[in-house]
Amino acid sequence: MAGRVFISYRREDAAPAAGWLFDRLTAHFGPQQVVKDVDLVQPGRNAAEVIAAAVASCDVLVVLIGRQWLTAAGPDGLRRLSDPGDSVRLEIEAAMARDIQVIPVLVNGADLPQAGALPPSLVGLARADELELSPNRAEADVVWLVQVLDQSVADRQAAQAAQAAQAGSAGSVGDQRTITAQPLGWQQSAPVAPRPPSAGQTGPGRTKTMRRSRLRSRTTVLIAVGGVIAAAIAAFIVLPGSKPAPSAGPKAQQTARSGNFSSPGASSSPSPVASSKVILTDDFSTRSTNWLDDVHQTAGTYTGTGTYRLTVTGADGQNELARPSNAAYGLGNPTTLNLSLSVDARKIAGAAQGYGYGIATRADGSGDFYAFVIEDHAVAIQKWVDNGARVSDSPASVATSALHADAADHLQAVCQTVDGGNAVHLELWLNGKKLVDFTDQDHPYTTGYLGLYVESISDSTSTAEAEFDNFSAAQL
């Protein structure tokens, strides 16, 4: 997929970062697919037209924002951004006018400008979800940025292909109506939690043995898949005391909803991480946090290469959960904290349609918890319930291209108690896309353990194994 990326920046503000990023993006996208430094504006040429043409040839625009980006002044002493002819301003305006996604990337410790400090034509930039390139984790940050760019390019190209197909279909029957693609737009830039360098964590040790659920009922809040998978997974409602339809099989997944549902990229609200406090990070290069599976301690292992692996062998929902037993802020034990958890995860082993891996929260030690999982070409939030699903109403399946086949994905899980403890709000983000926005109002789980999670959901016994890196927990 040959996407084009435009890098917008001020030379006096972020030239070194722009050069460094240009080298890494060209290594990924190709030397002809990354654009920066519009030097084509020769005397006698219209700068706005030249910049607009260059931006229009790209799929996404990355705006590098340093500490002087907002206040940089021209030879006349006036703020450059206030000049309608300022090249940086023209670049962003050209992208917004063409519904090209604009992703602000903060460098050198800069903050995202507030709307009141921006020209009216750029106020949308203040509502975008920014990313960051930090000197002490630049390589990890650029890997995450590339994942977000890949998704942005894929989305835009899919929209363009759909527009072309629709226009062709309309033309074949003599329909002369104008066909407009669904805008992807700058406001859909991807959220990302700050990821400071990991440090050794200390805290209370293990106080309670967590039991793993076996053949428990579960409510799957959403399965987001590519088109064909929807027909392959049975979706039905289980009420208290009821039994699944015979055709569904013993491991069939119940689809349920009791709150708000959002399709990928549909919501303009930022991730809660934007106003959160990071309280734990772990790149698994040391054992200081001591991730531990209480029931089967051999299920989880440090690889020695900066990752953590978790394995389960079984069927029909057998699973394992490893918690950070030495984590500070009480995260090694049951907690009531509202949290945003994120991790880079990839599958090592798993039968087709028979595995899940990701993050679990609010685990009570007896098998009830929320799980945010990646399955075979699907993603889902699961609510594990002892006595069957307690919610009704099922949403439609949602197509997504957010999964990276045979590679690591960045999974983010948000769990927040709301409504005075009468509900829990859950969100699942994958590679910068919010795929689920769900509020559990039926016997919600307001306290419990958190951890890395893997499950075998096949009918026959199989092994599911996943590898995790770059874990982060932020208090909301």
# chains A, B, ... in the order shown; residues from 1 in each chain; ligands from 1
call {"tool": "select_by_dssp", "arguments": {"residues": "segment 262-393 of chain A", "states": "strand (DSSP E or B)", "output": "JSON, numbers by chain"}}
result
{"A": [277, 278, 279, 280, 281, 282, 291, 292, 300, 301, 302, 308, 309, 310, 311, 312, 313, 314, 318, 319, 320, 321, 322, 323, 324, 335, 339, 340, 341, 342, 343, 344, 345, 346, 347, 348, 349, 355, 356, 357, 358, 359, 360, 361, 362, 363, 369, 370, 371, 372, 373, 374, 375, 378, 379, 380, 381, 382, 383, 384, 385]}
call {"tool": "residues_around", "arguments": {"residues": "segment 277-280 of chain A", "least_positions_apart": "6", "cutoff": "6 Å", "atoms": "only C-alpha atoms", "output": "number ranges by chain"}}
result
A: 472-475
call {"tool": "closest_atom_pairs", "arguments": {"of": "segment 300-404 of chain A", "to": "segment 426-433 of chain A", "cutoff": "8 Å", "atoms": "only C-alpha atoms", "output": "tab-separated table"}}
result
residue	atom	partner	partner_atom	distance
A:Phe372	CA	A:Leu428	CA	6.6
A:Ala380	CA	A:Leu428	CA	8.0
A:Ile381	CA	A:Leu428	CA	7.1
A:Ala402	CA	A:Asn431	CA	6.4
A:Leu403	CA	A:Leu430	CA	7.6
call {"tool": "write_last_selection", "arguments": {"atoms": "C-alpha atoms", "output": "short mmCIF file (atom, residue, chain, number, x, y, z; two decimals), in the first residue's frame"}}
result
data_model
loop_
_atom_site.label_atom_id
_atom_site.label_comp_id
_atom_site.auth_asym_id
_atom_site.auth_seq_id
_atom_site.Cartn_x
_atom_site.Cartn_y
_atom_site.Cartn_z
CA PHE A 372 -10.53 -6.47 25.91
CA ALA A 380 -14.19 -7.71 21.25
CA ILE A 381 -14.97 -6.55 24.75
CA ALA A 402 -7.48 -1.95 12.21
CA LEU A 403 -5.84 -5.35 12.72
#
call {"tool": "closest_atom_pairs", "arguments": {"of": "segment 307-341 of chain A", "to": "segment 345-360 of chain A", "cutoff": "10 Å", "atoms": "only C-alpha atoms", "output": "JSON lines"}}
result
{"residue": "A:Thr307", "atom": "CA", "partner": "A:Ala345", "partner_atom": "CA", "distance": 9.5}
{"residue": "A:Tyr308", "atom": "CA", "partner": "A:Ala345", "partner_atom": "CA", "distance": 9.6}
{"residue": "A:Arg309", "atom": "CA", "partner": "A:Ile348", "partner_atom": "CA", "distance": 8.6}
{"residue": "A:Leu310", "atom": "CA", "partner": "A:Tyr357", "partner_atom": "CA", "distance": 8.9}
{"residue": "A:Thr311", "atom": "CA", "partner": "A:Ala349", "partner_atom": "CA", "distance": 8.7}
{"residue": "A:Val312", "atom": "CA", "partner": "A:Tyr355", "partner_atom": "CA", "distance": 9.5}
{"residue": "A:Thr313", "atom": "CA", "partner": "A:Gly350", "partner_atom": "CA", "distance": 9.6}
{"residue": "A:Ala315", "atom": "CA", "partner": "A:Gly354", "partner_atom": "CA", "distance": 8.2}
{"residue": "A:Asp316", "atom": "CA", "partner": "A:Gly354", "partner_atom": "CA", "distance": 8.6}
{"residue": "A:Gly317", "atom": "CA", "partner": "A:Tyr355", "partner_atom": "CA", "distance": 8.5}
{"residue": "A:Gln318", "atom": "CA", "partner": "A:Tyr355", "partner_atom": "CA", "distance": 9.7}
{"residue": "A:Asn319", "atom": "CA", "partner": "A:Gly356", "partner_atom": "CA", "distance": 8.9}
{"residue": "A:Glu320", "atom": "CA", "partner": "A:Tyr357", "partner_atom": "CA", "distance": 9.6}
{"residue": "A:Leu321", "atom": "CA", "partner": "A:Ala360", "partner_atom": "CA", "distance": 7.4}
{"residue": "A:Ala322", "atom": "CA", "partner": "A:Ala360", "partner_atom": "CA", "distance": 9.2}
{"residue": "A:Arg323", "atom": "CA", "partner": "A:Ala360", "partner_atom": "CA", "distance": 9.3}
{"residue": "A:Leu341", "atom": "CA", "partner": "A:Ile359", "partner_atom": "CA", "distance": 7.8}
call {"tool": "residues_around", "arguments": {"residues": "Cys58 of chain A", "least_positions_apart": "3", "cutoff": "7 Å", "atoms": "only C-alpha atoms", "output": "ChimeraX atom specification"}}
result
/A:4-6,55
call {"tool": "write_last_selection", "arguments": {"atoms": "all heavy atoms", "output": "short mmCIF file (atom, residue, chain, number, x, y, z; two decimals), in the first residue's frame"}}
result
data_model
loop_
_atom_site.label_atom_id
_atom_site.label_comp_id
_atom_site.auth_asym_id
_atom_site.auth_seq_id
_atom_site.Cartn_x
_atom_site.Cartn_y
_atom_site.Cartn_z
N ARG A 4 0.99 8.27 0.84
CA ARG A 4 1.87 9.43 0.85
C ARG A 4 1.62 10.23 2.11
O ARG A 4 0.49 10.47 2.51
CB ARG A 4 1.64 10.30 -0.38
CG ARG A 4 1.96 9.62 -1.70
CD ARG A 4 2.18 10.66 -2.80
NE ARG A 4 3.52 11.22 -2.72
CZ ARG A 4 3.88 12.36 -3.35
NH1 ARG A 4 2.98 13.04 -4.03
NH2 ARG A 4 5.11 12.81 -3.27
N VAL A 5 2.71 10.67 2.73
CA VAL A 5 2.66 11.41 3.99
C VAL A 5 3.34 12.75 3.79
O VAL A 5 4.46 12.82 3.26
CB VAL A 5 3.34 10.62 5.13
CG1 VAL A 5 3.32 11.43 6.42
CG2 VAL A 5 2.66 9.27 5.32
N PHE A 6 2.68 13.81 4.21
CA PHE A 6 3.24 15.16 4.15
C PHE A 6 3.67 15.56 5.55
O PHE A 6 2.88 15.48 6.49
CB PHE A 6 2.19 16.14 3.61
CG PHE A 6 2.73 17.50 3.24
CD1 PHE A 6 2.81 17.88 1.91
CD2 PHE A 6 3.14 18.40 4.21
CE1 PHE A 6 3.30 19.13 1.56
CE2 PHE A 6 3.64 19.65 3.87
CZ PHE A 6 3.71 20.02 2.53
N VAL A 55 -0.07 19.14 -0.97
CA VAL A 55 -0.82 18.48 0.10
C VAL A 55 -1.88 17.55 -0.48
O VAL A 55 -2.11 16.45 0.03
CB VAL A 55 -1.46 19.53 1.03
CG1 VAL A 55 -2.41 18.87 2.03
CG2 VAL A 55 -0.39 20.31 1.77
#
call {"tool": "closest_residue", "arguments": {"among": "A:Ser342, A:Tyr445, A:Gly332, A:Tyr302", "to": "Phe369 of chain A", "atoms": "only C-alpha atoms"}}
result
A:Tyr445
call {"tool": "residues_around", "arguments": {"residues": "Glu91 of chain A", "least_positions_apart": "2", "cutoff": "9 Å", "atoms": "only C-alpha atoms", "output": "list in words"}}
result
Ser8, Ala48, Ile51, Ala52, Ala54, Val55, Leu61, Asp86, Ser87, Val88, Arg89, Glu93, Ala94, Ala95 and Met96 of chain A
call {"tool": "write_last_selection", "arguments": {"atoms": "N, CA, C and O atoms", "output": "PDB file, in the first residue's frame"}}
result
ATOM      1  N   SER A   8       4.650  18.586   7.880  1.00  0.00           N
ATOM      2  CA  SER A   8       4.596  20.044   8.014  1.00  0.00           C
ATOM      3  C   SER A   8       5.341  20.445   9.275  1.00  0.00           C
ATOM      4  O   SER A   8       5.113  19.868  10.341  1.00  0.00           O
ATOM      5  N   ALA A  48       0.020  29.552  -2.395  1.00  0.00           N
ATOM      6  CA  ALA A  48      -1.129  28.787  -1.924  1.00  0.00           C
ATOM      7  C   ALA A  48      -1.468  27.657  -2.883  1.00  0.00           C
ATOM      8  O   ALA A  48      -1.787  26.540  -2.455  1.00  0.00           O
ATOM      9  N   ILE A  51       1.315  24.826  -2.629  1.00  0.00           N
ATOM     10  CA  ILE A  51       1.195  24.054  -1.397  1.00  0.00           C
ATOM     11  C   ILE A  51      -0.053  23.186  -1.439  1.00  0.00           C
ATOM     12  O   ILE A  51      -0.023  22.007  -1.056  1.00  0.00           O
ATOM     13  N   ALA A  52      -1.161  23.741  -1.906  1.00  0.00           N
ATOM     14  CA  ALA A  52      -2.400  22.972  -1.978  1.00  0.00           C
ATOM     15  C   ALA A  52      -2.241  21.747  -2.866  1.00  0.00           C
ATOM     16  O   ALA A  52      -2.731  20.657  -2.548  1.00  0.00           O
ATOM     17  N   ALA A  54       0.593  20.143  -3.504  1.00  0.00           N
ATOM     18  CA  ALA A  54       1.475  19.176  -2.851  1.00  0.00           C
ATOM     19  C   ALA A  54       0.726  18.417  -1.763  1.00  0.00           C
ATOM     20  O   ALA A  54       0.858  17.197  -1.634  1.00  0.00           O
ATOM     21  N   VAL A  55      -0.069  19.136  -0.966  1.00  0.00           N
ATOM     22  CA  VAL A  55      -0.824  18.481   0.100  1.00  0.00           C
ATOM     23  C   VAL A  55      -1.881  17.553  -0.480  1.00  0.00           C
ATOM     24  O   VAL A  55      -2.114  16.446   0.029  1.00  0.00           O
ATOM     25  N   LEU A  61      -1.467  14.291   6.672  1.00  0.00           N
ATOM     26  CA  LEU A  61      -0.510  15.357   6.956  1.00  0.00           C
ATOM     27  C   LEU A  61      -0.105  15.295   8.417  1.00  0.00           C
ATOM     28  O   LEU A  61      -0.958  15.300   9.314  1.00  0.00           O
ATOM     29  N   ASP A  86       1.289  32.394   5.513  1.00  0.00           N
ATOM     30  CA  ASP A  86       2.276  31.545   6.184  1.00  0.00           C
ATOM     31  C   ASP A  86       2.201  30.124   5.632  1.00  0.00           C
ATOM     32  O   ASP A  86       1.113  29.534   5.540  1.00  0.00           O
ATOM     33  N   SER A  87       3.339  29.565   5.267  1.00  0.00           N
ATOM     34  CA  SER A  87       3.341  28.257   4.598  1.00  0.00           C
ATOM     35  C   SER A  87       2.781  27.155   5.486  1.00  0.00           C
ATOM     36  O   SER A  87       2.040  26.282   5.023  1.00  0.00           O
ATOM     37  N   VAL A  88       3.116  27.159   6.779  1.00  0.00           N
ATOM     38  CA  VAL A  88       2.599  26.127   7.685  1.00  0.00           C
ATOM     39  C   VAL A  88       1.084  26.228   7.787  1.00  0.00           C
ATOM     40  O   VAL A  88       0.366  25.224   7.736  1.00  0.00           O
ATOM     41  N   ARG A  89       0.593  27.444   7.910  1.00  0.00           N
ATOM     42  CA  ARG A  89      -0.862  27.651   7.970  1.00  0.00           C
ATOM     43  C   ARG A  89      -1.523  27.177   6.676  1.00  0.00           C
ATOM     44  O   ARG A  89      -2.576  26.513   6.711  1.00  0.00           O
ATOM     45  N   GLU A  93      -4.430  24.283   6.341  1.00  0.00           N
ATOM     46  CA  GLU A  93      -5.705  24.670   5.740  1.00  0.00           C
ATOM     47  C   GLU A  93      -6.004  23.859   4.488  1.00  0.00           C
ATOM     48  O   GLU A  93      -7.148  23.446   4.258  1.00  0.00           O
ATOM     49  N   ALA A  94      -4.979  23.589   3.681  1.00  0.00           N
ATOM     50  CA  ALA A  94      -5.182  22.809   2.458  1.00  0.00           C
ATOM     51  C   ALA A  94      -5.616  21.394   2.784  1.00  0.00           C
ATOM     52  O   ALA A  94      -6.481  20.822   2.114  1.00  0.00           O
ATOM     53  N   ALA A  95      -5.025  20.799   3.820  1.00  0.00           N
ATOM     54  CA  ALA A  95      -5.404  19.434   4.206  1.00  0.00           C
ATOM     55  C   ALA A  95      -6.837  19.402   4.734  1.00  0.00           C
ATOM     56  O   ALA A  95      -7.629  18.526   4.374  1.00  0.00           O
ATOM     57  N   MET A  96      -7.178  20.336   5.607  1.00  0.00           N
ATOM     58  CA  MET A  96      -8.522  20.362   6.174  1.00  0.00           C
ATOM     59  C   MET A  96      -9.574  20.576   5.089  1.00  0.00           C
ATOM     60  O   MET A  96     -10.649  19.973   5.126  1.00  0.00           O
TER      61      MET A  96
END
call {"tool": "atom_distance", "arguments": {"atom1": "atom CA of His404 of chain A", "atom2": "atom CA of Glu375 of chain A"}}
result
11.8 Å
call {"tool": "atom_distance", "arguments": {"atom1": "atom CA of Arg67 of chain A", "atom2": "atom CA of Ala14 of chain A"}}
result
8.7 Å
call {"tool": "closest_residue", "arguments": {"among": "A:Val105, A:Ala47, A:Ala408, A:Ala15", "to": "Asp129 of chain A", "atoms": "only C-alpha atoms"}}
result
A:Val105
call {"tool": "residues_around", "arguments": {"residues": "Asp283 of chain A", "least_positions_apart": "4", "cutoff": "8 Å", "atoms": "only C-alpha atoms", "output": "list in words"}}
result
Ser198, Gly306, Thr307, Asp469, Asn470 and Phe471 of chain A
call {"tool": "write_last_selection", "arguments": {"atoms": "N, CA, C and O atoms", "output": "tab-separated table (two decimals), in the first residue's frame"}}
result
chain	number	residue	atom	x	y	z
A	198	SER	N	10.30	3.21	31.26
A	198	SER	CA	9.89	2.35	32.36
A	198	SER	C	10.88	2.48	33.51
A	198	SER	O	12.04	2.79	33.34
A	306	GLY	N	12.89	-8.58	26.08
A	306	GLY	CA	12.07	-7.39	26.27
A	306	GLY	C	10.60	-7.58	26.00
A	306	GLY	O	9.90	-6.61	25.69
A	307	THR	N	10.10	-8.80	26.12
A	307	THR	CA	8.66	-9.06	25.97
A	307	THR	C	8.22	-10.06	27.04
A	307	THR	O	9.05	-10.67	27.72
A	469	ASP	N	4.30	-6.27	24.97
A	469	ASP	CA	5.39	-5.32	25.14
A	469	ASP	C	4.79	-3.94	25.42
A	469	ASP	O	3.63	-3.67	25.09
A	470	ASN	N	5.60	-3.06	26.04
A	470	ASN	CA	5.24	-1.65	26.23
A	470	ASN	C	3.90	-1.47	26.93
A	470	ASN	O	3.00	-0.80	26.42
A	471	PHE	N	3.76	-2.08	28.10
A	471	PHE	CA	2.53	-1.92	28.87
A	471	PHE	C	2.52	-0.57	29.57
A	471	PHE	O	3.55	-0.07	30.04
call {"tool": "residues_around", "arguments": {"residues": "Ala363 of chain A", "least_positions_apart": "3", "cutoff": "6 Å", "atoms": "only C-alpha atoms", "output": "list in words"}}
result
Asp368, Phe369, Gly448 and Tyr449 of chain A
